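Have a look at entry29.csv below; it lists CSV, C-alpha atoms.
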```
chain,number,residue,atom,x,y,z
Q,4,MET,CA,-6.0,-1.0,53.4
Q,5,ARG,CA,-6.5,-0.7,57.2
Q,6,ILE,CA,-6.0,-3.6,59.6
Q,7,LEU,CA,-6.5,-4.1,63.3
Q,8,ILE,CA,-4.1,-6.4,65.3
Q,9,ALA,CA,-5.4,-7.5,68.7
Q,10,GLU,CA,-2.7,-9.6,70.4
Q,11,ASP,CA,-1.6,-9.5,74.0
Q,12,GLU,CA,1.8,-11.0,73.4
Q,13,LYS,CA,3.7,-7.7,72.9
Q,14,ASP,CA,6.6,-9.0,70.9
Q,15,LEU,CA,4.3,-10.9,68.5
Q,16,ASN,CA,2.1,-7.8,68.3
Q,17,ARG,CA,4.9,-5.5,67.4
Q,18,MET,CA,6.3,-8.0,64.9
Q,19,LEU,CA,3.0,-8.3,63.1
Q,20,VAL,CA,2.5,-4.6,63.0
Q,21,SER,CA,6.0,-4.0,61.6
Q,22,ARG,CA,5.8,-6.7,59.0
Q,23,LEU,CA,2.3,-5.6,57.8
Q,24,GLU,CA,3.4,-2.0,57.6
Q,25,THR,CA,6.3,-3.1,55.3
Q,26,GLU,CA,3.6,-4.5,53.0
Q,27,HIS,CA,2.0,-1.0,52.9
Q,28,TYR,CA,-1.0,-1.7,55.2
Q,29,SER,CA,-2.1,0.9,57.7
Q,30,VAL,CA,-2.2,-0.9,61.1
Q,31,ASP,CA,-3.6,-0.2,64.5
Q,32,SER,CA,-2.9,-2.5,67.4
Q,33,CYS,CA,-4.0,-3.2,70.9
Q,34,PHE,CA,-3.4,-5.8,73.6
Q,35,ASN,CA,-6.8,-6.7,75.0
Q,36,GLY,CA,-10.3,-7.5,73.8
Q,37,GLN,CA,-12.1,-4.5,75.2
Q,38,GLU,CA,-9.7,-2.1,73.3
Q,39,ALA,CA,-10.2,-4.2,70.2
Q,40,LEU,CA,-14.0,-3.8,70.3
Q,41,GLU,CA,-13.6,-0.1,70.9
Q,42,TYR,CA,-11.3,0.2,67.8
Q,43,LEU,CA,-13.7,-1.8,65.7
Q,44,GLU,CA,-16.7,0.3,66.8
Q,45,SER,CA,-15.0,3.6,66.1
Q,46,ALA,CA,-13.4,3.0,62.7
Q,47,GLU,CA,-13.8,1.1,59.5
Q,48,TYR,CA,-11.3,-1.7,59.1
Q,49,ASP,CA,-10.7,-3.9,56.1
Q,50,ALA,CA,-9.7,-6.8,58.3
Q,51,ALA,CA,-9.0,-7.7,61.9
Q,52,VAL,CA,-6.6,-10.2,63.4
Q,53,LEU,CA,-7.9,-11.3,66.9
Q,54,ASP,CA,-6.1,-13.5,69.4
Q,55,ILE,CA,-8.6,-15.7,71.2
Q,56,MET,CA,-6.8,-15.7,74.6
Q,57,MET,CA,-6.7,-12.0,75.5
Q,58,PRO,CA,-7.2,-10.2,78.8
Q,59,VAL,CA,-10.3,-8.2,79.8
Q,60,MET,CA,-12.3,-9.7,76.9
Q,61,ASP,CA,-11.4,-12.8,74.9
Q,62,GLY,CA,-11.3,-12.8,71.1
Q,63,LEU,CA,-14.4,-15.0,70.7
Q,64,THR,CA,-16.4,-12.5,72.9
Q,65,VAL,CA,-15.1,-9.6,70.8
Q,66,LEU,CA,-16.2,-11.5,67.7
Q,67,ARG,CA,-19.7,-12.2,68.9
Q,68,GLN,CA,-20.1,-8.6,70.1
Q,69,MET,CA,-19.0,-7.4,66.7
Q,70,ARG,CA,-21.4,-9.5,64.8
Q,71,ARG,CA,-24.3,-8.5,67.1
Q,72,LYS,CA,-23.5,-4.9,66.4
Q,73,ASN,CA,-23.5,-5.7,62.6
Q,74,ILE,CA,-19.8,-5.0,62.3
Q,75,SER,CA,-18.9,-7.1,59.2
Q,76,THR,CA,-15.1,-6.6,59.2
Q,77,PRO,CA,-13.5,-9.9,58.1
Q,78,VAL,CA,-11.8,-11.6,61.1
Q,79,LEU,CA,-8.9,-13.9,61.3
Q,80,LEU,CA,-8.6,-15.7,64.7
Q,81,LEU,CA,-5.2,-16.5,66.2
Q,82,THR,CA,-5.0,-19.2,68.9
Q,83,ALA,CA,-2.7,-21.8,70.5
Q,84,LYS,CA,-5.6,-24.3,70.5
Q,85,ASP,CA,-5.9,-26.7,67.6
Q,86,SER,CA,-8.9,-28.8,68.4
Q,87,ILE,CA,-11.8,-29.2,66.0
Q,88,GLU,CA,-14.2,-28.0,68.7
Q,89,ASP,CA,-12.1,-24.7,69.1
Q,90,ARG,CA,-12.2,-24.2,65.3
Q,91,VAL,CA,-15.9,-24.8,65.1
Q,92,ASN,CA,-16.6,-22.4,67.9
Q,93,GLY,CA,-14.6,-19.7,66.3
Q,94,LEU,CA,-16.2,-20.1,62.9
Q,95,ASP,CA,-19.7,-20.3,64.4
Q,96,ALA,CA,-19.0,-17.1,66.3
Q,97,GLY,CA,-18.5,-15.4,62.9
Q,98,ALA,CA,-14.8,-15.8,62.1
Q,99,ASN,CA,-13.7,-15.8,58.5
Q,100,ASP,CA,-10.5,-17.8,59.1
Q,101,TYR,CA,-8.5,-19.4,61.8
Q,102,LEU,CA,-4.7,-19.7,62.3
Q,103,VAL,CA,-2.9,-21.8,64.9
Q,104,LYS,CA,0.2,-20.6,66.7
Q,105,PRO,CA,3.0,-20.8,66.0
Q,106,PHE,CA,2.7,-19.8,62.4
Q,107,ALA,CA,4.8,-18.4,59.6
Q,108,PHE,CA,4.2,-14.7,58.8
Q,109,GLU,CA,4.0,-15.5,55.1
Q,110,GLU,CA,0.9,-17.7,55.8
Q,111,LEU,CA,-0.7,-15.0,57.9
Q,112,SER,CA,-0.1,-12.5,55.1
Q,113,ALA,CA,-1.6,-14.8,52.5
Q,114,ARG,CA,-4.7,-15.3,54.6
Q,115,ILE,CA,-5.1,-11.6,55.1
Q,116,ARG,CA,-5.0,-11.1,51.3
Q,117,VAL,CA,-7.8,-13.7,51.0
Q,118,LEU,CA,-9.8,-11.8,53.7
Q,119,LEU,CA,-9.4,-8.6,51.7
Q,120,ARG,CA,-11.0,-10.0,48.6
Q,121,LYS,CA,-14.5,-8.9,48.0
Q,122,PRO,CA,-17.2,-11.6,48.3
Q,123,ALA,CA,-17.3,-14.0,45.3
Q,124,GLU,CA,-14.4,-12.1,43.7
Q,125,THR,CA,-12.1,-14.1,41.5
Q,126,PRO,CA,-8.6,-13.8,43.0
Q,127,LYS,CA,-6.7,-11.2,41.2
Q,128,THR,CA,-3.0,-10.3,41.2
Q,129,CYS,CA,-3.3,-7.5,38.6
Q,130,TYR,CA,-5.9,-4.8,38.3
Q,131,ARG,CA,-6.2,-2.8,35.1
Q,132,VAL,CA,-7.9,0.5,34.3
Q,133,GLY,CA,-7.2,1.6,30.7
Q,134,ASP,CA,-3.5,1.1,30.1
Q,135,LEU,CA,-2.7,1.3,33.8
Q,136,GLU,CA,-1.6,-2.0,35.4
Q,137,VAL,CA,-1.2,-2.5,39.2
Q,138,HIS,CA,0.3,-5.8,40.2
Q,139,MET,CA,-0.6,-6.7,43.8
Q,140,ASP,CA,2.0,-9.4,44.4
Q,141,THR,CA,5.0,-7.5,43.1
Q,142,HIS,CA,3.8,-4.0,43.7
Q,143,GLN,CA,4.8,-3.2,40.1
Q,144,VAL,CA,2.9,-0.3,38.4
Q,145,LEU,CA,2.9,0.3,34.7
Q,146,ARG,CA,1.3,2.8,32.4
Q,147,GLY,CA,1.4,2.1,28.7
Q,148,GLY,CA,3.9,-0.7,29.5
Q,149,ILE,CA,6.3,1.7,31.2
Q,150,GLU,CA,7.1,1.0,34.9
Q,151,ILE,CA,6.3,3.8,37.4
Q,152,LYS,CA,8.1,3.9,40.7
Q,153,LEU,CA,5.8,4.8,43.7
Q,154,SER,CA,6.5,5.3,47.4
Q,155,GLY,CA,4.9,2.9,49.8
Q,156,LYS,CA,2.1,5.3,50.7
Q,157,GLU,CA,1.5,6.2,47.0
Q,158,PHE,CA,1.2,2.5,46.2
Q,159,ALA,CA,-1.2,2.0,49.1
Q,160,LEU,CA,-3.4,4.8,47.9
Q,161,LEU,CA,-3.4,3.6,44.2
Q,162,ARG,CA,-4.1,0.1,45.3
Q,163,TYR,CA,-7.2,1.1,47.2
Q,164,MET,CA,-8.4,3.3,44.4
Q,165,VAL,CA,-7.8,0.7,41.7
Q,166,GLN,CA,-9.6,-2.0,43.8
Q,167,ASN,CA,-12.5,0.5,43.9
Q,168,ALA,CA,-12.2,1.7,40.4
Q,169,GLY,CA,-15.3,3.6,39.3
Q,170,THR,CA,-16.4,4.4,42.9
Q,171,VAL,CA,-16.1,7.9,44.2
Q,172,LEU,CA,-14.0,7.8,47.4
Q,173,SER,CA,-14.2,10.7,49.9
Q,174,ARG,CA,-11.1,12.2,51.4
Q,175,GLU,CA,-12.2,10.9,54.8
Q,176,ARG,CA,-12.7,7.3,53.5
Q,177,LEU,CA,-9.3,7.4,51.8
Q,178,GLU,CA,-7.6,8.8,54.8
Q,179,GLN,CA,-9.2,6.2,57.1
Q,180,HIS,CA,-8.0,3.3,55.0
Q,181,LEU,CA,-4.4,4.6,54.7
Q,182,TRP,CA,-3.4,6.0,58.1
Q,183,ASN,CA,-3.8,4.7,61.6
Q,184,TYR,CA,-4.8,6.6,64.8
Q,185,ASP,CA,-1.2,7.7,65.4
Q,186,TYR,CA,-1.1,9.8,62.3
Q,187,MET,CA,-0.7,13.5,63.0
Q,188,GLY,CA,-0.3,14.9,59.5
Q,189,SER,CA,-2.0,17.8,57.8
Q,190,SER,CA,-5.7,17.9,56.9
Q,191,ASN,CA,-5.0,18.0,53.2
Q,192,VAL,CA,-2.7,14.9,53.1
Q,193,ILE,CA,-5.0,13.1,50.7
Q,194,ASP,CA,-4.9,16.0,48.3
Q,195,VAL,CA,-1.1,16.0,48.5
Q,196,TYR,CA,-0.8,12.3,47.7
Q,197,ILE,CA,-3.4,12.6,44.9
Q,198,ARG,CA,-1.2,15.3,43.3
Q,199,TYR,CA,1.8,13.0,43.6
Q,200,LEU,CA,-0.1,10.2,41.9
Q,201,ARG,CA,-1.4,12.4,39.2
Q,202,LYS,CA,2.1,13.6,38.4
Q,203,LYS,CA,3.3,10.0,38.1
Q,204,ILE,CA,0.2,8.3,36.7
Q,205,ASP,CA,-1.5,10.9,34.5
Q,206,ASP,CA,1.1,13.5,33.4
Q,207,GLY,CA,2.0,12.8,29.7
Q,208,HIS,CA,-0.7,10.2,29.3
Q,209,GLU,CA,-4.2,10.2,27.9
Q,210,PRO,CA,-6.9,9.7,28.9
Q,211,LYS,CA,-6.5,11.0,32.5
Q,212,LEU,CA,-7.5,8.3,35.0
Q,213,ILE,CA,-7.6,10.2,38.4
Q,214,HIS,CA,-10.6,12.5,38.5
Q,215,THR,CA,-11.9,15.0,41.1
Q,216,VAL,CA,-15.6,14.9,41.9
Q,217,ARG,CA,-16.3,18.3,43.4
Q,218,GLY,CA,-17.6,18.1,46.9
Q,219,ALA,CA,-17.4,14.3,47.0
Q,220,GLY,CA,-13.8,13.1,46.6
Q,221,TYR,CA,-11.8,11.3,43.9
Q,222,VAL,CA,-12.4,8.4,41.5
Q,223,LEU,CA,-10.1,6.3,39.4
Q,224,LYS,CA,-11.7,5.5,36.0
Q,225,GLU,CA,-10.9,5.6,32.3
Q,226,LYS,CA,-13.4,8.3,31.3
Q,227,GLU,CA,-15.2,11.2,33.0
```

Will you turn the file into structure tokens for me?
Amino acid sequence: MRILIAEDEKDLNRMLVSRLETEHYSVDSCFNGQEALEYLESAEYDAAVLDIMMPVMDGLTVLRQMRRKNISTPVLLLTAKDSIEDRVNGLDAGANDYLVKPFAFEELSARIRVLLRKPAETPKTCYRVGDLEVHMDTHQVLRGGIEIKLSGKEFALLRYMVQNAGTVLSRERLEQHLWNYDYMGSSNVIDVYIRYLRKKIDDGHEPKLIHTVRGAGYVLKEKE
């Protein structure tokens, strides 16, 4: 999952990026509203955290511009203001949620998880495909009841695939959701991590769950 943090307080910005990366999100960050809008126009994000009081362009203006451009990325607004009018203005501008500073990171993390749920989706802490179980809260992965140890990036890839089970995901889409703009790795990085996952998830098990769709990408499903 890929998240944008737009916050002009540098220490807070760095802390949020660091903490979210430890939760296996791919994170881009910036310090003013104009940069935030440019990021949102040039890449597909699963969620954005926007501070309202930013230089160059404030968060509400960024939000209104996003919605005018039909950018539907879920947005959590951060602000030091706590009046009802401020909250109403933010929600009317198209925000999905609103968090007042100071806040606990655990609350921000929980609100982001809510933003990442699909519309009308029943909250899930465990996804299952066949005998594969992926637990979102504990990051535990089991196949046939046996626990499988994954690296952070392997888990992030599997999490995105299992949340989109049955959907063919292109290499470009997978890469965009798993790495930020600073990534300078090889062009076949998705293929490499798919091999890692197949070795851990599929080797020694039937049916195979990770399938290649020639010319299109990969899909996680129980049967071809």

Exercise. From the set Q:Ser45, Q:Asn92, Q:Ser32, Q:Thr215, which residue has the shortest atom-to-atom contact distance to Q:Asp194, counting all atoms listed in the file?
Worked result: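 Between Q:Ser45, Q:Asn92, Q:Ser32, Q:Thr215, the residue approaching Q:Asp194 most closely is Q:Thr215.
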
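Across the structure, atom CA of Q:Ser29 and atom CA of Q:His180 are spaced 6.9 Å apart.
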
Problem set entry | Contacts of Q:Thr25 within 9 Å, all atoms listed in the file, excl. fewer than 4 positions in-chain, as an MDAnalysis selection string | chainID Q and resid 20:21 155

For this session: Rank nothing, just name the residue among Q:Leu200, Q:Ala50, Q:Val65, Q:Val103 nearest to Q:Val144, using only C-alpha atoms.
Result: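 Checking each of Q:Leu200, Q:Ala50, Q:Val65, Q:Val103 against Q:Val144, counting only C-alpha atoms, the winner is Q:Leu200.
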
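The neighbours of Q:Leu40 here are the residues that come within 8 Å of it, using only C-alpha atoms and leaving out any residue fewer than 4 positions away in the same chain; they are Gly36, Glu44, Val65, Gln68 and Met69 of chain Q.
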
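Distance annotation: of Q:Tyr196, Q:Tyr163, Q:Tyr101, Q:Tyr130, the residue with the minimal separation from Q:Gly62 is Q:Tyr101; atom set is only C-alpha atoms.
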
For this session: Compare Q:Ala159, Q:Arg71, Q:Thr76, Q:Gly97 by their minimum atom-to-atom distance to Q:Arg120, counting only C-alpha atoms, and give me the closest one.
Result: Q:Thr76

Exercise. Distance atom CA of Q:Asp140-atom CA of Q:Phe158, one decimal place?
Worked result: 12.1 Å

Problem set entry | Long-range neighbours of Q:Val52 as an NGL selection string, 7 Å cut-off, only C-alpha atoms, 3 positions minimum in chain | :Q and (7-9 or 78-80)

Emit the selected residues as an mmCIF file, in the coordinates of the input, including C-alpha atoms.
```cif
data_model
loop_
_atom_site.group_PDB
_atom_site.id
_atom_site.type_symbol
_atom_site.label_atom_id
_atom_site.label_comp_id
_atom_site.auth_asym_id
_atom_site.auth_seq_id
_atom_site.Cartn_x
_atom_site.Cartn_y
_atom_site.Cartn_z
ATOM 1 C CA LEU Q 7 -6.500 -4.100 63.300
ATOM 2 C CA ILE Q 8 -4.100 -6.400 65.300
ATOM 3 C CA ALA Q 9 -5.400 -7.500 68.700
ATOM 4 C CA VAL Q 78 -11.800 -11.600 61.100
ATOM 5 C CA LEU Q 79 -8.900 -13.900 61.300
ATOM 6 C CA LEU Q 80 -8.600 -15.700 64.700
#
```

For this session: Rank Q:Met57, Q:Ile204, Q:Leu111, Q:Leu19 by their smallest atom-to-atom distance to Q:Glu157, using all atoms listed in the file, and report the top residue only.
Result: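 Closest to Q:Glu157 of all the choices is Q:Ile204.
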
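Checking Q:Arg17, Q:Ile149, Q:Met60, Q:Val117 one by one against Q:Asn35, counting all atoms listed in the file, you find the shortest gap at Q:Met60.
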
Exercise. Can you tell me how far atom CA of Q:Leu119 sits from atom CA of Q:Leu160, in Å to one decimal?
Worked result: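 Pair atom CA of Q:Leu119 / atom CA of Q:Leu160 returns 15.2 Å.
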
Problem set entry | Exercise: stretch 208-212 of chain Q partners within 10 Å, only C-alpha atoms, chain neighbours under 2 positions left out, as a list of chain:residue names | Q:Val132, Q:Gly133, Q:Asp134, Q:Leu135, Q:Arg146, Q:Gly147, Q:Ala168, Q:Arg201, Q:Lys203, Q:Ile204, Q:Asp205, Q:Asp206, Q:His214, Q:Val222, Q:Leu223, Q:Lys224, Q:Glu225, Q:Lys226, Q:Glu227

Taking (-18.4, 12.0, 46.5) in the file's coordinates, which residues come within 6 Å, counting only C-alpha atoms, written as a PDB file with C-alpha atoms, in the coordinates of the input?
```pdb
ATOM      1  CA  VAL Q 171     -16.100   7.900  44.200  1.00  0.00           C
ATOM      2  CA  SER Q 173     -14.200  10.700  49.900  1.00  0.00           C
ATOM      3  CA  ALA Q 219     -17.400  14.300  47.000  1.00  0.00           C
ATOM      4  CA  GLY Q 220     -13.800  13.100  46.600  1.00  0.00           C
TER       5      GLY Q 220
END
```
